[in-house]
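Shown next, in structure tokens, is the structure this report addresses.
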Amino acid sequence: MAERIYISDAGDHVGQEVSVQGWLYNKRSAGKLWFLLVRDGTGIIQSVVFKGNVNEALFQECEGITQESSVVVTGTVSEDKRSVGGFELQVSDLQVQQLAEEYPITPKEHGTTFLMDHRHLWLRSVKQNAILRIRHEIIRACRDFFDGRGFTLIDAPVFTPNACEGTTTLFETEYFGSKAYLTQSGQLYMESGAMAFGKVYCFGPTFRAEKSKTRRHLTEFWMIEPEVAYMDLDGDMDLAEDFVSHVVQTVLKNKQAELKAIERDTTALERVVKPFPRISYDEAVAILKKNNVEFEDGNDFGGTDETVISEAFDRPVMVHRYPAQIKAFYMKQDPEDESKALCVDVLAPEGYGEIIGGGQREDDLAVLQRKIKEHELPEEAFQWYLDLRRYGTVPHAGFGMGIERVVSWICGLSHLREAIPFPRLMHRLSP
RNA sequence: UCCUCGGUAGCUCAAUCGGCAGAGCGGGUGGCUGUUAACCACUAGGUUGUAGGUUCGAGUCCUACCCGAGGAGCCA
């Protein structure tokens with residue numbers, strides 16, 4: 001009985017008879033030869049069926065095997081430069097588990113709507129496979145980073161009773177006769193966690209009912225949010241640049257094959273090492289003015305503004321101290337300039353825009369109560385949050401990083417929808 | 001919500017001034033001992049998003065609607 005192996009390990013079995021359990025990716029014929037490209041999720045191996053080596057019935061069967069039929073191929077592993085991947089299988093036996101129906105995704109071009117309609121099958125293709133493996137590596141690097149620094153994972157709830165940043169972008173749902181909302185951030189809960197554990201983070205899905213149809217938005221996306229007690233804005237920026245450079249360098253180290261599969265030029269990624277430039281909002285506005293961008297001082301930056309600012313630097317740039325007016329109620333005001341908030345956005349290079357938003361939180365009870373009133377938020381719903389300022393309040397800070405935006409940036413994707421297995425967009429709820 | 005663009009074979013697209021609805025891929029049949037999205041020959045495949053209208057004649061022009069894509073705003 002031939003040993004069952006994964007295609008990624010084929011190089012360790014040259015000269016041995018092994019079997020591979022997978023699916024037919026593509027096939028070609030040349031008279032008395034069949035070239036079956038078999039994939040098993042770990043790779044693709046060319047399996048050569050020579051008429052003289054197998055019985056007539058098996059050779060005949062090759063003709064009928066359709067794309068994506070599930071097959072178990074047995075043969076001897078050999079090294080061959082003519083084969084993509086360098087190894088191939090000289091087939092001695094082949095079993096068809098199931099003869100697939102006509103497969104909709106052919107090796108030729110398709111439009112994105114069609115591919116998105118078949119997302120459950122599209123995941124099988126080489127590029128999508130590579131992207132999602134990189135996503136996995138990014139997530140692992142994120143967790144390793146915080147786990148290795150003594151952070152405790154504190155899971156935030158998905159159902160929430162109130163908004164943390166306005167109500168227009170919340171998904172509302174019925175909850176035993178009252179209303180609940182799907183979370184748009186775990187931050188308020190992380191602040192609670194930081195007061196209990198010192199250093200915490202959460203990682204989970206968040207939801208925004210923004211009616212935005214752009215390549216940078218999903219209605220459901222994954223966010224990792226650290227929060228640290230006794231940390232100020234500078235410490236927050238130190239943490240962010242350590243974090244981002246660790247994630248990028250880890251992917252570069254461990255996922256070269258996948259980056260090559262998606263044809264990502266990694267020279268810009270190799271420059272992502274600390275320190276990152278830190279500029280104030282006012283300095284960022286000056287960059288826009290210098291580049292003749294029409295911009296009204298005091299506004300938030302748009303997508304093209306962010307691109308212009310980030311193009312002034314060769315690595316991610318941290319923009320801090322935005323006008324307090326355009327930021328959320330929980331942001332602490334800069335004691336040296338009350339009109340500014342102690343916040344920071346990290347802008348990725350190459351036009352990928354904001355990947356991180358965070359800052360130091362307001363830790364004074366009276367100020368927070370006043371802000372909640374000013375933002376016309378229901379104070380009732382925030383009593384538990386205000387308790388954090390009543391019982392041992394301390395300076396604290398944190399940030400949120402959108403995983404898909406980072407995947408999109410590291411992979412060089414043109415759209416966020418390929419950065420998550422099953423994207424949820426304004427016009428896309430299935431598959 | 002607003003702006004722009006689009007909807008033709010299973011898929012990707014073409015169709016000149018309003019004049020016979022076409023190609024590649026995929027499917028089917030046959031051929032080939034080293035193919036790399038193989039190739040060669042033959043073949044089947046259509047209610048042109050929907051509903052009206054103009055016209056001798058509409059994929060093409062007009063009206064309304066439906067669906068989608070990109071962008072704006074907003075954000076990670």
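To be explicit about the labels: the chains of the structure tokens are called A, B, and onward in the order shown, and within each one the residues are counted from 1, while ligands get numbers from 1 in the order they are shown.
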
request  = Select all residues from chain B having any atom no more than 7 Å from an atom of chain A (counting only C-alpha atoms (C1' of nucleotides), ignoring ligands), output as a ChimeraX atom specification.
outcome  = /B:11-12,25-26,32-33,35,37-38,74,76

ask   = What's the 7 Å shell around region 58-65 of chain B, counting only C-alpha atoms (C1' of nucleotides), without same-chain residues fewer than 2 positions away, as a PyMOL selection string?
value = chain B and resi 8+18+48

From A:Val200, A:Ile287, A:Leu377, A:Leu115, residue lying nearest Ala156 (chain A) [only C-alpha atoms] = A:Val200

message = For the strand (DSSP E) assignment from backbone DSSP, which residues of region 31-76 of chain A qualify? Please present them as a ChimeraX atom specification.
response = /A:33-39,44-50,70-76

Export C-alpha atoms of the chosen residues as a short mmCIF file (atom, residue, chain, number, x, y, z; two decimals), in the first residue's frame?
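The resulting file, again.cif, is reproduced below:
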```cif
data_model
loop_
_atom_site.label_atom_id
_atom_site.label_comp_id
_atom_site.auth_asym_id
_atom_site.auth_seq_id
_atom_site.Cartn_x
_atom_site.Cartn_y
_atom_site.Cartn_z
CA LEU A 33 0.25 10.58 -22.52
CA TRP A 34 -2.08 12.29 -20.09
CA PHE A 35 -0.85 15.12 -17.91
CA LEU A 36 -3.14 15.40 -14.91
CA LEU A 37 -2.59 18.44 -12.71
CA VAL A 38 -3.72 17.31 -9.28
CA ARG A 39 -4.12 19.70 -6.34
CA ILE A 44 -0.27 21.09 -7.34
CA ILE A 45 1.60 18.16 -8.84
CA GLN A 46 1.70 17.08 -12.46
CA SER A 47 0.78 13.42 -12.69
CA VAL A 48 1.88 11.69 -15.88
CA VAL A 49 -0.13 8.76 -17.19
CA PHE A 50 1.74 6.86 -19.93
CA SER A 70 -11.97 14.19 -6.70
CA VAL A 71 -9.17 11.70 -7.40
CA VAL A 72 -6.66 9.53 -5.57
CA VAL A 73 -3.51 9.19 -7.64
CA THR A 74 -0.83 6.61 -6.94
CA GLY A 75 2.58 6.72 -8.55
CA THR A 76 6.30 7.21 -8.17
#
```

ask   = Which residues in region 278-373 of chain A does DSSP call helix (DSSP H, G or I)? List them as an MDAnalysis selection string.
value = chainID A and resid 281:290 303:310 324:326 365:373

Filtering to C-alpha atoms, could you give me those residues as a tab-separated table (two decimals), in the first residue's frame?
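This is the output file again_12.tsv:
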```
chain	number	residue	atom	x	y	z
A	281	TYR	CA	-2.50	66.55	11.57
A	282	ASP	CA	-1.30	70.09	10.91
A	283	GLU	CA	1.88	68.79	9.27
A	284	ALA	CA	-0.19	66.41	7.16
A	285	VAL	CA	-2.38	69.30	6.02
A	286	ALA	CA	0.79	71.19	5.09
A	287	ILE	CA	1.83	68.24	2.88
A	288	LEU	CA	-1.53	68.40	1.12
A	289	LYS	CA	-1.19	72.16	0.59
A	290	LYS	CA	2.34	71.70	-0.75
A	303	GLY	CA	-8.99	58.43	0.43
A	304	THR	CA	-7.00	60.47	-2.08
A	305	ASP	CA	-5.74	62.80	0.68
A	306	GLU	CA	-4.37	59.80	2.56
A	307	THR	CA	-2.60	58.61	-0.60
A	308	VAL	CA	-0.91	61.98	-1.12
A	309	ILE	CA	0.23	62.08	2.53
A	310	SER	CA	1.56	58.52	2.51
A	324	ALA	CA	-11.07	66.81	18.40
A	325	GLN	CA	-14.34	67.81	16.72
A	326	ILE	CA	-14.13	65.14	14.03
A	365	LEU	CA	-15.21	61.34	34.53
A	366	ALA	CA	-16.51	64.90	34.28
A	367	VAL	CA	-15.00	65.52	30.84
A	368	LEU	CA	-16.38	62.25	29.54
A	369	GLN	CA	-19.86	63.04	30.85
A	370	ARG	CA	-19.73	66.42	29.14
A	371	LYS	CA	-18.57	64.85	25.86
A	372	ILE	CA	-21.37	62.31	25.91
A	373	LYS	CA	-23.84	65.17	26.24
```

request  = Show which residues sit within 9 Å of region 132-138 of chain A, as a ChimeraX atom specification. Count only C-alpha atoms (C1' of nucleotides), and ignore same-chain residues fewer than 4 positions away.
outcome  = /A:123,127-128,142-143,247-248,250-251,254-255,258-259,403-404,406-407,410-411,418-421

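For G28 (chain B), the residues within 12 Å (counting only C-alpha atoms (C1' of nucleotides), excluding itself and residues fewer than 3 positions away along the chain) are Gly64 of chain A; C42, U43, A44 and G45 of chain B.
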
What lies within 10 Å of Arg315 (chain A) using only C-alpha atoms (C1' of nucleotides), ignoring chain neighbours under 3 positions off, as a compact mmCIF listing (two decimals) with N, CA and C atoms, in the first residue's frame?
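Result saved to result-v1.txt:
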```txt
# COMPACT_ATOMS: atom_id res chain seq x y z
N SER A 245 5.32 46.49 11.98
CA SER A 245 6.54 45.99 11.34
C SER A 245 6.74 44.50 11.64
N ALA A 268 8.71 47.31 -1.48
CA ALA A 268 8.14 48.33 -0.59
C ALA A 268 7.87 47.75 0.79
N LEU A 269 7.52 46.47 0.85
CA LEU A 269 7.22 45.84 2.15
C LEU A 269 8.49 45.66 2.97
N GLU A 270 9.60 45.42 2.29
CA GLU A 270 10.85 45.22 3.01
C GLU A 270 11.28 46.47 3.78
N ARG A 271 10.81 47.62 3.36
CA ARG A 271 11.16 48.87 4.06
C ARG A 271 10.31 49.11 5.30
N VAL A 272 9.33 48.25 5.54
CA VAL A 272 8.43 48.47 6.68
C VAL A 272 9.09 48.01 7.98
N VAL A 273 10.00 48.85 8.47
CA VAL A 273 10.65 48.61 9.76
C VAL A 273 10.59 49.91 10.55
N LYS A 274 10.58 49.78 11.90
CA LYS A 274 10.50 51.00 12.70
C LYS A 274 11.85 51.71 12.71
N PRO A 275 11.85 53.02 12.95
CA PRO A 275 10.71 53.85 13.33
C PRO A 275 9.90 54.32 12.12
N PHE A 276 8.59 54.46 12.33
CA PHE A 276 7.73 55.06 11.31
C PHE A 276 7.72 56.57 11.54
N PRO A 277 7.64 57.34 10.47
CA PRO A 277 7.52 58.79 10.66
C PRO A 277 6.24 59.14 11.43
N SER A 310 0.70 59.69 2.35
CA SER A 310 1.56 58.52 2.51
C SER A 310 2.65 58.46 1.44
N GLU A 311 2.39 59.05 0.29
CA GLU A 311 3.40 59.03 -0.78
C GLU A 311 4.62 59.89 -0.45
N ALA A 312 4.49 60.72 0.59
CA ALA A 312 5.62 61.55 1.00
C ALA A 312 6.64 60.74 1.81
N MET A 318 2.49 57.72 10.64
CA MET A 318 1.54 57.88 11.73
C MET A 318 1.13 59.34 11.84
N LEU A 347 -1.25 55.23 8.34
CA LEU A 347 -1.57 55.13 6.91
C LEU A 347 -0.56 54.22 6.23
N ALA A 348 -1.06 53.21 5.54
CA ALA A 348 -0.19 52.28 4.83
C ALA A 348 0.31 52.92 3.54
N PRO A 349 1.50 52.50 3.08
CA PRO A 349 2.02 53.04 1.81
C PRO A 349 1.25 52.49 0.61
N GLU A 350 1.69 52.92 -0.57
CA GLU A 350 1.17 52.42 -1.85
C GLU A 350 -0.33 52.67 -2.02
```

task = Select, from A:Asn299, A:Asn129, A:Gln67, A:Gln360, the residue with the minimum atom-to-atom distance to Ala100 (chain A), counting only C-alpha atoms.
result =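 Closest to Ala100 (chain A) of all the choices is A:Gln67.
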
Among the residues A:Lys199, A:His118, A:Tyr352, A:Ile279, the one that comes closest to Gly150 (chain A) [using only C-alpha atoms] =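 Closest to Gly150 (chain A), using only C-alpha atoms: A:Lys199.
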